[in-house]
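Visitor: Structure file final-v6.cif (mmCIF, N, CA and C atoms) right here:
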data_coords
#
loop_
_atom_site.label_atom_id
_atom_site.label_comp_id
_atom_site.auth_asym_id
_atom_site.auth_seq_id
_atom_site.Cartn_x
_atom_site.Cartn_y
_atom_site.Cartn_z
N MET A 1 133.64 94.92 77.31
CA MET A 1 134.65 95.27 78.31
C MET A 1 134.56 94.29 79.49
N ASP A 2 135.67 93.79 79.90
CA ASP A 2 135.75 92.87 81.02
C ASP A 2 135.80 93.69 82.32
N THR A 3 134.76 93.60 83.14
CA THR A 3 134.72 94.38 84.38
C THR A 3 135.17 93.56 85.58
N SER A 4 135.59 92.34 85.39
CA SER A 4 135.97 91.47 86.51
C SER A 4 137.18 92.01 87.29
N GLU A 5 137.98 92.85 86.67
CA GLU A 5 139.16 93.39 87.36
C GLU A 5 138.82 94.59 88.25
N TYR A 6 137.63 95.10 88.13
CA TYR A 6 137.23 96.27 88.91
C TYR A 6 136.51 95.84 90.18
N GLN A 7 136.96 96.37 91.27
CA GLN A 7 136.33 96.12 92.57
C GLN A 7 135.29 97.22 92.83
N PRO A 8 134.24 96.91 93.60
CA PRO A 8 133.27 97.96 93.92
C PRO A 8 133.95 99.07 94.72
N GLN A 9 133.59 100.28 94.41
CA GLN A 9 134.14 101.44 95.10
C GLN A 9 133.24 101.83 96.27
N VAL A 10 133.60 102.89 96.96
CA VAL A 10 132.93 103.25 98.20
C VAL A 10 131.41 103.39 98.04
N GLY A 11 130.95 104.00 96.97
CA GLY A 11 129.51 104.16 96.79
C GLY A 11 128.79 102.84 96.68
N ALA A 12 129.35 101.94 95.90
CA ALA A 12 128.74 100.61 95.75
C ALA A 12 128.81 99.84 97.06
N LEU A 13 129.93 99.94 97.77
CA LEU A 13 130.07 99.22 99.04
C LEU A 13 129.07 99.74 100.07
N LEU A 14 128.92 101.07 100.15
CA LEU A 14 127.93 101.63 101.08
C LEU A 14 126.52 101.18 100.72
N ARG A 15 126.21 101.21 99.43
CA ARG A 15 124.87 100.79 98.98
C ARG A 15 124.64 99.32 99.30
N MET A 16 125.63 98.48 99.06
CA MET A 16 125.48 97.05 99.30
C MET A 16 125.27 96.77 100.79
N ALA A 17 126.05 97.43 101.64
CA ALA A 17 125.88 97.27 103.09
C ALA A 17 124.52 97.80 103.53
N TRP A 18 124.12 98.95 102.98
CA TRP A 18 122.82 99.55 103.31
C TRP A 18 121.68 98.62 102.91
N GLU A 19 121.76 98.04 101.73
CA GLU A 19 120.70 97.14 101.27
C GLU A 19 120.62 95.90 102.15
N ALA A 20 121.76 95.37 102.57
CA ALA A 20 121.76 94.20 103.45
C ALA A 20 121.14 94.56 104.80
N LEU A 21 121.50 95.71 105.33
CA LEU A 21 120.94 96.18 106.60
C LEU A 21 119.43 96.38 106.47
N GLN A 22 118.99 97.03 105.40
CA GLN A 22 117.56 97.29 105.20
C GLN A 22 116.77 95.99 105.09
N ALA A 23 117.28 95.03 104.37
CA ALA A 23 116.58 93.75 104.23
C ALA A 23 116.44 93.05 105.58
N GLU A 24 117.49 93.11 106.38
CA GLU A 24 117.44 92.48 107.70
C GLU A 24 116.48 93.22 108.63
N LEU A 25 116.51 94.54 108.59
CA LEU A 25 115.59 95.32 109.43
C LEU A 25 114.14 95.05 109.05
N TYR A 26 113.88 95.04 107.77
CA TYR A 26 112.53 94.82 107.27
C TYR A 26 112.02 93.44 107.71
N ALA A 27 112.86 92.42 107.59
CA ALA A 27 112.48 91.07 108.03
C ALA A 27 112.27 91.04 109.54
N GLY A 28 113.12 91.73 110.27
CA GLY A 28 112.98 91.78 111.73
C GLY A 28 111.72 92.50 112.17
N LEU A 29 111.37 93.56 111.47
CA LEU A 29 110.13 94.28 111.80
C LEU A 29 108.92 93.40 111.53
N HIS A 30 108.95 92.67 110.43
CA HIS A 30 107.85 91.74 110.13
C HIS A 30 107.74 90.68 111.23
N ALA A 31 108.87 90.13 111.65
CA ALA A 31 108.88 89.11 112.69
C ALA A 31 108.40 89.67 114.03
N ALA A 32 108.60 90.97 114.25
CA ALA A 32 108.19 91.62 115.50
C ALA A 32 106.71 92.03 115.48
N GLY A 33 106.00 91.67 114.42
CA GLY A 33 104.57 91.94 114.38
C GLY A 33 104.15 93.10 113.51
N PHE A 34 105.11 93.76 112.87
CA PHE A 34 104.79 94.86 111.97
C PHE A 34 104.68 94.31 110.55
N ASP A 35 103.87 93.27 110.40
CA ASP A 35 103.81 92.54 109.15
C ASP A 35 102.87 93.18 108.11
N ASP A 36 102.31 94.33 108.47
CA ASP A 36 101.49 95.05 107.49
C ASP A 36 102.31 96.06 106.69
N LEU A 37 103.59 96.19 107.03
CA LEU A 37 104.47 97.09 106.27
C LEU A 37 104.80 96.46 104.93
N ARG A 38 104.95 97.31 103.94
CA ARG A 38 105.32 96.85 102.61
C ARG A 38 106.65 97.49 102.23
N GLU A 39 107.28 96.92 101.22
CA GLU A 39 108.57 97.44 100.75
C GLU A 39 108.51 98.93 100.44
N VAL A 40 107.38 99.37 99.92
CA VAL A 40 107.24 100.78 99.53
C VAL A 40 107.33 101.73 100.73
N HIS A 41 107.11 101.22 101.94
CA HIS A 41 107.18 102.04 103.14
C HIS A 41 108.61 102.30 103.61
N ARG A 42 109.56 101.56 103.09
CA ARG A 42 110.94 101.65 103.56
C ARG A 42 111.49 103.07 103.67
N PRO A 43 111.27 103.93 102.67
CA PRO A 43 111.85 105.27 102.79
C PRO A 43 111.38 106.05 104.02
N LEU A 44 110.21 105.69 104.55
CA LEU A 44 109.67 106.40 105.70
C LEU A 44 110.16 105.84 107.03
N LEU A 45 110.82 104.71 106.99
CA LEU A 45 111.33 104.06 108.20
C LEU A 45 112.80 104.42 108.34
N ARG A 46 113.06 105.56 108.91
CA ARG A 46 114.41 106.09 108.86
C ARG A 46 114.76 106.89 110.09
N TYR A 47 116.04 107.24 110.17
CA TYR A 47 116.54 108.16 111.17
C TYR A 47 116.95 109.43 110.44
N PRO A 48 116.68 110.59 110.97
CA PRO A 48 115.89 110.83 112.17
C PRO A 48 114.42 110.54 111.91
N PRO A 49 113.66 110.35 112.99
CA PRO A 49 112.24 110.04 112.79
C PRO A 49 111.54 111.18 112.05
N ILE A 50 110.49 110.82 111.33
CA ILE A 50 109.78 111.82 110.53
C ILE A 50 108.73 112.56 111.34
N ASP A 51 108.54 112.19 112.60
CA ASP A 51 107.59 112.87 113.48
C ASP A 51 107.93 114.36 113.56
N GLY A 52 106.93 115.19 113.31
CA GLY A 52 107.12 116.63 113.38
C GLY A 52 107.39 117.30 112.05
N LEU A 53 107.67 116.52 111.02
CA LEU A 53 107.92 117.10 109.69
C LEU A 53 106.60 117.39 108.99
N ARG A 54 106.65 118.31 108.08
CA ARG A 54 105.54 118.51 107.16
C ARG A 54 105.73 117.55 105.98
N PRO A 55 104.65 117.08 105.38
CA PRO A 55 104.79 116.20 104.23
C PRO A 55 105.64 116.79 103.11
N THR A 56 105.55 118.10 102.89
CA THR A 56 106.36 118.72 101.83
C THR A 56 107.85 118.65 102.15
N GLU A 57 108.20 118.81 103.44
CA GLU A 57 109.60 118.68 103.85
C GLU A 57 110.10 117.26 103.63
N LEU A 58 109.26 116.29 104.00
CA LEU A 58 109.62 114.89 103.82
C LEU A 58 109.79 114.56 102.34
N ALA A 59 108.87 115.05 101.51
CA ALA A 59 108.96 114.79 100.06
C ALA A 59 110.28 115.33 99.51
N ALA A 60 110.65 116.53 99.90
CA ALA A 60 111.91 117.12 99.43
C ALA A 60 113.10 116.30 99.90
N HIS A 61 113.06 115.87 101.15
CA HIS A 61 114.17 115.10 101.71
C HIS A 61 114.31 113.73 101.03
N LEU A 62 113.17 113.11 100.74
CA LEU A 62 113.19 111.78 100.10
C LEU A 62 113.37 111.85 98.59
N LYS A 63 113.23 113.06 98.05
CA LYS A 63 113.29 113.26 96.60
C LYS A 63 112.17 112.48 95.90
N LEU A 64 110.98 112.54 96.52
CA LEU A 64 109.77 111.96 95.96
C LEU A 64 108.79 113.08 95.66
N SER A 65 107.85 112.82 94.78
CA SER A 65 106.83 113.82 94.52
C SER A 65 105.96 113.99 95.76
N LYS A 66 105.32 115.13 95.86
CA LYS A 66 104.41 115.37 96.99
C LYS A 66 103.28 114.35 96.98
N GLN A 67 102.79 114.02 95.79
CA GLN A 67 101.70 113.05 95.67
C GLN A 67 102.13 111.67 96.17
N ALA A 68 103.31 111.21 95.75
CA ALA A 68 103.79 109.90 96.18
C ALA A 68 104.01 109.88 97.69
N THR A 69 104.57 110.95 98.23
CA THR A 69 104.80 111.04 99.66
C THR A 69 103.48 111.02 100.41
N ASN A 70 102.52 111.80 99.95
CA ASN A 70 101.21 111.83 100.62
C ASN A 70 100.51 110.48 100.54
N ASP A 71 100.66 109.77 99.43
CA ASP A 71 100.08 108.43 99.31
C ASP A 71 100.67 107.49 100.37
N LEU A 72 101.99 107.54 100.53
CA LEU A 72 102.65 106.70 101.53
C LEU A 72 102.22 107.08 102.94
N LEU A 73 102.14 108.38 103.20
CA LEU A 73 101.73 108.84 104.52
C LEU A 73 100.30 108.42 104.83
N ARG A 74 99.41 108.55 103.88
CA ARG A 74 98.01 108.14 104.08
C ARG A 74 97.92 106.64 104.35
N ASP A 75 98.77 105.87 103.67
CA ASP A 75 98.78 104.43 103.88
C ASP A 75 99.23 104.11 105.30
N LEU A 76 100.29 104.74 105.77
CA LEU A 76 100.76 104.50 107.15
C LEU A 76 99.76 105.04 108.17
N GLU A 77 99.05 106.10 107.80
CA GLU A 77 98.01 106.61 108.68
C GLU A 77 96.88 105.58 108.79
N ARG A 78 96.48 105.01 107.67
CA ARG A 78 95.43 103.99 107.65
C ARG A 78 95.84 102.77 108.48
N LEU A 79 97.13 102.44 108.49
CA LEU A 79 97.64 101.30 109.23
C LEU A 79 97.86 101.61 110.72
N GLY A 80 97.70 102.87 111.10
CA GLY A 80 97.80 103.25 112.50
C GLY A 80 99.17 103.63 113.00
N TYR A 81 100.11 103.91 112.10
CA TYR A 81 101.46 104.28 112.51
C TYR A 81 101.63 105.78 112.74
N LEU A 82 100.82 106.57 112.08
CA LEU A 82 100.94 108.02 112.21
C LEU A 82 99.60 108.67 111.96
N ARG A 83 99.58 109.96 112.25
CA ARG A 83 98.43 110.78 111.91
C ARG A 83 98.94 112.10 111.37
N LEU A 84 98.15 112.71 110.53
CA LEU A 84 98.49 114.02 109.98
C LEU A 84 97.62 115.05 110.68
N GLU A 85 98.28 115.97 111.37
CA GLU A 85 97.57 116.99 112.15
C GLU A 85 97.75 118.35 111.49
N ARG A 86 96.83 119.22 111.76
CA ARG A 86 96.98 120.60 111.30
C ARG A 86 98.18 121.23 112.00
N ASP A 87 98.99 121.93 111.24
CA ASP A 87 100.16 122.62 111.78
C ASP A 87 99.64 123.84 112.54
N PRO A 88 99.98 123.98 113.84
CA PRO A 88 99.47 125.11 114.62
C PRO A 88 99.96 126.47 114.13
N THR A 89 101.08 126.48 113.38
CA THR A 89 101.61 127.75 112.88
C THR A 89 101.06 128.12 111.51
N ASP A 90 100.45 127.14 110.83
CA ASP A 90 99.89 127.37 109.50
C ASP A 90 98.74 126.39 109.30
N GLY A 91 97.53 126.88 109.44
CA GLY A 91 96.35 126.04 109.38
C GLY A 91 96.16 125.28 108.08
N ARG A 92 96.82 125.73 107.01
CA ARG A 92 96.71 125.03 105.72
C ARG A 92 97.63 123.83 105.65
N ALA A 93 98.68 123.86 106.44
CA ALA A 93 99.70 122.80 106.39
C ALA A 93 99.37 121.68 107.37
N ARG A 94 99.97 120.53 107.13
CA ARG A 94 99.84 119.37 108.01
C ARG A 94 101.21 119.04 108.59
N THR A 95 101.17 118.39 109.74
CA THR A 95 102.39 117.91 110.40
C THR A 95 102.23 116.42 110.66
N ILE A 96 103.30 115.68 110.44
CA ILE A 96 103.30 114.24 110.67
C ILE A 96 103.52 113.99 112.16
N ARG A 97 102.68 113.15 112.74
CA ARG A 97 102.84 112.76 114.14
C ARG A 97 102.72 111.26 114.25
N TYR A 98 103.69 110.65 114.93
CA TYR A 98 103.61 109.22 115.18
C TYR A 98 102.52 108.93 116.21
N THR A 99 101.87 107.82 116.02
CA THR A 99 100.98 107.28 117.04
C THR A 99 101.85 106.46 117.99
N GLU A 100 101.24 105.92 119.02
CA GLU A 100 101.98 105.03 119.92
C GLU A 100 102.57 103.86 119.14
N ARG A 101 101.79 103.33 118.21
CA ARG A 101 102.27 102.22 117.38
C ARG A 101 103.45 102.66 116.51
N GLY A 102 103.39 103.87 115.99
CA GLY A 102 104.49 104.39 115.18
C GLY A 102 105.77 104.53 115.97
N TRP A 103 105.65 105.02 117.21
CA TRP A 103 106.85 105.14 118.06
C TRP A 103 107.40 103.76 118.41
N ARG A 104 106.51 102.77 118.64
CA ARG A 104 106.99 101.39 118.88
C ARG A 104 107.77 100.88 117.68
N LEU A 105 107.23 101.13 116.48
CA LEU A 105 107.92 100.73 115.25
C LEU A 105 109.30 101.36 115.20
N PHE A 106 109.39 102.64 115.48
CA PHE A 106 110.68 103.33 115.45
C PHE A 106 111.64 102.73 116.48
N GLN A 107 111.14 102.46 117.69
CA GLN A 107 112.00 101.90 118.74
C GLN A 107 112.47 100.49 118.39
N VAL A 108 111.57 99.66 117.89
CA VAL A 108 111.96 98.30 117.51
C VAL A 108 112.97 98.35 116.37
N GLY A 109 112.73 99.20 115.38
CA GLY A 109 113.66 99.34 114.27
C GLY A 109 115.04 99.80 114.74
N SER A 110 115.07 100.76 115.66
CA SER A 110 116.35 101.23 116.21
C SER A 110 117.08 100.11 116.93
N GLY A 111 116.33 99.32 117.70
CA GLY A 111 116.93 98.19 118.41
C GLY A 111 117.49 97.15 117.45
N LEU A 112 116.73 96.86 116.40
CA LEU A 112 117.20 95.90 115.39
C LEU A 112 118.47 96.41 114.71
N SER A 113 118.50 97.69 114.41
CA SER A 113 119.68 98.28 113.78
C SER A 113 120.90 98.16 114.70
N ARG A 114 120.68 98.42 115.98
CA ARG A 114 121.76 98.29 116.96
C ARG A 114 122.26 96.85 117.00
N GLU A 115 121.33 95.88 116.98
CA GLU A 115 121.71 94.47 117.00
C GLU A 115 122.54 94.09 115.78
N VAL A 116 122.17 94.59 114.62
CA VAL A 116 122.95 94.32 113.40
C VAL A 116 124.37 94.87 113.58
N GLY A 117 124.46 96.10 114.08
CA GLY A 117 125.78 96.69 114.31
C GLY A 117 126.61 95.88 115.29
N GLN A 118 125.97 95.38 116.35
CA GLN A 118 126.70 94.56 117.32
C GLN A 118 127.16 93.25 116.69
N ARG A 119 126.33 92.67 115.86
CA ARG A 119 126.72 91.43 115.19
C ARG A 119 127.88 91.68 114.23
N TRP A 120 127.79 92.77 113.46
CA TRP A 120 128.89 93.12 112.56
C TRP A 120 130.17 93.34 113.34
N ALA A 121 130.06 94.02 114.50
CA ALA A 121 131.23 94.25 115.33
C ALA A 121 131.82 92.93 115.81
N GLY A 122 130.98 91.97 116.11
CA GLY A 122 131.46 90.66 116.52
C GLY A 122 132.22 89.95 115.42
N VAL A 123 131.86 90.22 114.18
CA VAL A 123 132.51 89.57 113.04
C VAL A 123 133.84 90.26 112.70
N VAL A 124 133.83 91.58 112.63
CA VAL A 124 135.04 92.31 112.20
C VAL A 124 135.92 92.75 113.37
N GLY A 125 135.40 92.62 114.58
CA GLY A 125 136.13 93.05 115.77
C GLY A 125 135.58 94.38 116.28
N GLU A 126 135.47 94.46 117.60
CA GLU A 126 134.88 95.65 118.23
C GLU A 126 135.63 96.93 117.87
N GLN A 127 136.96 96.88 117.95
CA GLN A 127 137.74 98.09 117.69
C GLN A 127 137.60 98.55 116.24
N ARG A 128 137.70 97.61 115.31
CA ARG A 128 137.55 97.98 113.88
C ARG A 128 136.17 98.55 113.62
N TYR A 129 135.15 97.95 114.22
CA TYR A 129 133.79 98.44 114.00
C TYR A 129 133.61 99.84 114.59
N ARG A 130 134.13 100.08 115.80
CA ARG A 130 134.04 101.42 116.41
C ARG A 130 134.75 102.45 115.53
N GLN A 131 135.90 102.10 114.96
CA GLN A 131 136.61 103.01 114.06
C GLN A 131 135.79 103.26 112.80
N PHE A 132 135.20 102.22 112.25
CA PHE A 132 134.34 102.33 111.07
C PHE A 132 133.17 103.28 111.36
N GLU A 133 132.51 103.05 112.48
CA GLU A 133 131.36 103.89 112.85
C GLU A 133 131.78 105.35 113.07
N ALA A 134 132.90 105.55 113.73
CA ALA A 134 133.40 106.91 113.96
C ALA A 134 133.74 107.59 112.64
N THR A 135 134.32 106.84 111.72
CA THR A 135 134.65 107.38 110.40
C THR A 135 133.39 107.77 109.65
N LEU A 136 132.37 106.91 109.68
CA LEU A 136 131.10 107.25 109.04
C LEU A 136 130.49 108.51 109.64
N ARG A 137 130.55 108.64 110.97
CA ARG A 137 130.02 109.84 111.63
C ARG A 137 130.77 111.10 111.16
N GLU A 138 132.08 110.99 111.02
CA GLU A 138 132.87 112.12 110.53
C GLU A 138 132.48 112.49 109.10
N ILE A 139 132.29 111.48 108.26
CA ILE A 139 131.91 111.73 106.87
C ILE A 139 130.53 112.39 106.82
N VAL A 140 129.59 111.89 107.62
CA VAL A 140 128.26 112.49 107.66
C VAL A 140 128.34 113.95 108.13
N ALA A 141 129.13 114.20 109.16
CA ALA A 141 129.29 115.57 109.66
C ALA A 141 129.90 116.48 108.58
N LEU A 142 130.89 115.95 107.89
CA LEU A 142 131.57 116.71 106.85
C LEU A 142 130.63 117.03 105.67
N THR A 143 129.81 116.05 105.29
CA THR A 143 128.98 116.21 104.10
C THR A 143 127.64 116.87 104.36
N THR A 144 127.17 116.82 105.62
CA THR A 144 125.86 117.42 105.93
C THR A 144 125.96 118.64 106.82
N GLY A 145 127.10 118.81 107.43
CA GLY A 145 127.26 119.95 108.34
C GLY A 145 126.71 119.69 109.73
N SER A 146 126.30 118.45 110.01
CA SER A 146 125.80 118.14 111.35
C SER A 146 126.20 116.73 111.71
N ARG A 147 126.36 116.52 113.01
CA ARG A 147 126.71 115.18 113.49
C ARG A 147 125.42 114.42 113.76
N PRO A 148 125.38 113.15 113.34
CA PRO A 148 124.18 112.35 113.62
C PRO A 148 124.11 111.97 115.09
#
Do you think you could lay out the structure here as structure tokens?

Guide:
Amino acid sequence: MDTSEYQPQVGALLRMAWEALQAELYAGLHAAGFDDLREVHRPLLRYPPIDGLRPTELAAHLKLSKQATNDLLRDLERLGYLRLERDPTDGRARTIRYTERGWRLFQVGSGLSREVGQRWAGVVGEQRYRQFEATLREIVALTTGSRP
């Protein structure tokens, strides 16, 4: 079957833009001194921040096994980005808490993401980009029941 006549649809376009953004953020974080991060850490570098979540909540949200999630969390803990504390409401459970370094990582990543958005706006035009962003916010609100 010749697929050359088919253009990528919304899912593919969102994924392609997301992958380009992620690659740029990851490179920017490395350049900013967070060069101990590995590709496998990407799912944990996200909005909203994971600070305050239980590992089981994070695993469910990421659709990863509890073991895989705990392995990633322990790795970031070893690197000094977070710590796992006892949950004050349930002594058996743990809560993810960012360290100062973890919050710096989150802030730098947010700034880099903002810069990418500003650059994209410069290419496609400020008004078109604001409309695009507003449309994405509406879609997120519609599909998740909350506004980002």

Visitor: Need to verify the contact set: segment 96-101 of chain A, 12 Å, only C-alpha atoms, exclusion of same-chain residues closer than 5 positions in sequence. Can you return it as number ranges by chain?

Guide: A: 33-34, 44-45, 49-58, 69-70, 72-74, 76-87, 106-108

Visitor: Please return as a ChimeraX atom specification: the residues of segment 14-128 of chain A that backbone DSSP assigns to alpha helix (DSSP H).

Guide: /A:14-31,55-62,66-78,100-124,126-128

Visitor: Segment 73-137 of chain A: which residues are strand (DSSP E) by DSSP, as a PDB file with N, CA and C atoms, in the frame of the given file?

Guide:
ATOM      1  N   LEU A  82     100.820 106.570 112.080  1.00  0.00           N
ATOM      2  CA  LEU A  82     100.940 108.020 112.210  1.00  0.00           C
ATOM      3  C   LEU A  82      99.600 108.670 111.960  1.00  0.00           C
ATOM      4  N   ARG A  83      99.580 109.960 112.250  1.00  0.00           N
ATOM      5  CA  ARG A  83      98.430 110.780 111.910  1.00  0.00           C
ATOM      6  C   ARG A  83      98.940 112.100 111.370  1.00  0.00           C
ATOM      7  N   LEU A  84      98.150 112.710 110.530  1.00  0.00           N
ATOM      8  CA  LEU A  84      98.490 114.020 109.980  1.00  0.00           C
ATOM      9  C   LEU A  84      97.620 115.050 110.680  1.00  0.00           C
ATOM     10  N   GLU A  85      98.280 115.970 111.370  1.00  0.00           N
ATOM     11  CA  GLU A  85      97.570 116.990 112.150  1.00  0.00           C
ATOM     12  C   GLU A  85      97.750 118.350 111.490  1.00  0.00           C
ATOM     13  N   ARG A  86      96.830 119.220 111.760  1.00  0.00           N
ATOM     14  CA  ARG A  86      96.980 120.600 111.300  1.00  0.00           C
ATOM     15  C   ARG A  86      98.180 121.230 112.000  1.00  0.00           C
ATOM     16  N   ASP A  87      98.990 121.930 111.240  1.00  0.00           N
ATOM     17  CA  ASP A  87     100.160 122.620 111.780  1.00  0.00           C
ATOM     18  C   ASP A  87      99.640 123.840 112.540  1.00  0.00           C
ATOM     19  N   ASP A  90     100.450 127.140 110.830  1.00  0.00           N
ATOM     20  CA  ASP A  90      99.890 127.370 109.500  1.00  0.00           C
ATOM     21  C   ASP A  90      98.740 126.390 109.300  1.00  0.00           C
ATOM     22  N   GLY A  91      97.530 126.880 109.440  1.00  0.00           N
ATOM     23  CA  GLY A  91      96.350 126.040 109.380  1.00  0.00           C
ATOM     24  C   GLY A  91      96.160 125.280 108.080  1.00  0.00           C
ATOM     25  N   ARG A  92      96.820 125.730 107.010  1.00  0.00           N
ATOM     26  CA  ARG A  92      96.710 125.030 105.720  1.00  0.00           C
ATOM     27  C   ARG A  92      97.630 123.830 105.650  1.00  0.00           C
ATOM     28  N   ALA A  93      98.680 123.860 106.440  1.00  0.00           N
ATOM     29  CA  ALA A  93      99.700 122.800 106.390  1.00  0.00           C
ATOM     30  C   ALA A  93      99.370 121.680 107.370  1.00  0.00           C
ATOM     31  N   ARG A  94      99.970 120.530 107.130  1.00  0.00           N
ATOM     32  CA  ARG A  94      99.840 119.370 108.010  1.00  0.00           C
ATOM     33  C   ARG A  94     101.210 119.040 108.590  1.00  0.00           C
ATOM     34  N   THR A  95     101.170 118.390 109.740  1.00  0.00           N
ATOM     35  CA  THR A  95     102.390 117.910 110.400  1.00  0.00           C
ATOM     36  C   THR A  95     102.230 116.420 110.660  1.00  0.00           C
ATOM     37  N   ILE A  96     103.300 115.680 110.440  1.00  0.00           N
ATOM     38  CA  ILE A  96     103.300 114.240 110.670  1.00  0.00           C
ATOM     39  C   ILE A  96     103.520 113.990 112.160  1.00  0.00           C
ATOM     40  N   ARG A  97     102.680 113.150 112.740  1.00  0.00           N
ATOM     41  CA  ARG A  97     102.840 112.760 114.140  1.00  0.00           C
ATOM     42  C   ARG A  97     102.720 111.260 114.250  1.00  0.00           C
ATOM     43  N   TYR A  98     103.690 110.650 114.930  1.00  0.00           N
ATOM     44  CA  TYR A  98     103.610 109.220 115.180  1.00  0.00           C
ATOM     45  C   TYR A  98     102.520 108.930 116.210  1.00  0.00           C
TER      46      TYR A  98
END

Visitor: Can you pull out every residue within 9 Å of Tyr26 of chain A, counting only C-alpha atoms, but drop anything in the same chain fewer than 6 positions away, and send it as a PyMOL selection string?

Guide: chain A and resi 37-39+42+109

Visitor: Report the distance between atom CA of Gly111 of chain A and atom CA of Lys63 of chain A in Å, rounded to one decimal place.

Guide: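 Atom CA of Gly111 of chain A sits 26.8 Å away from atom CA of Lys63 of chain A.
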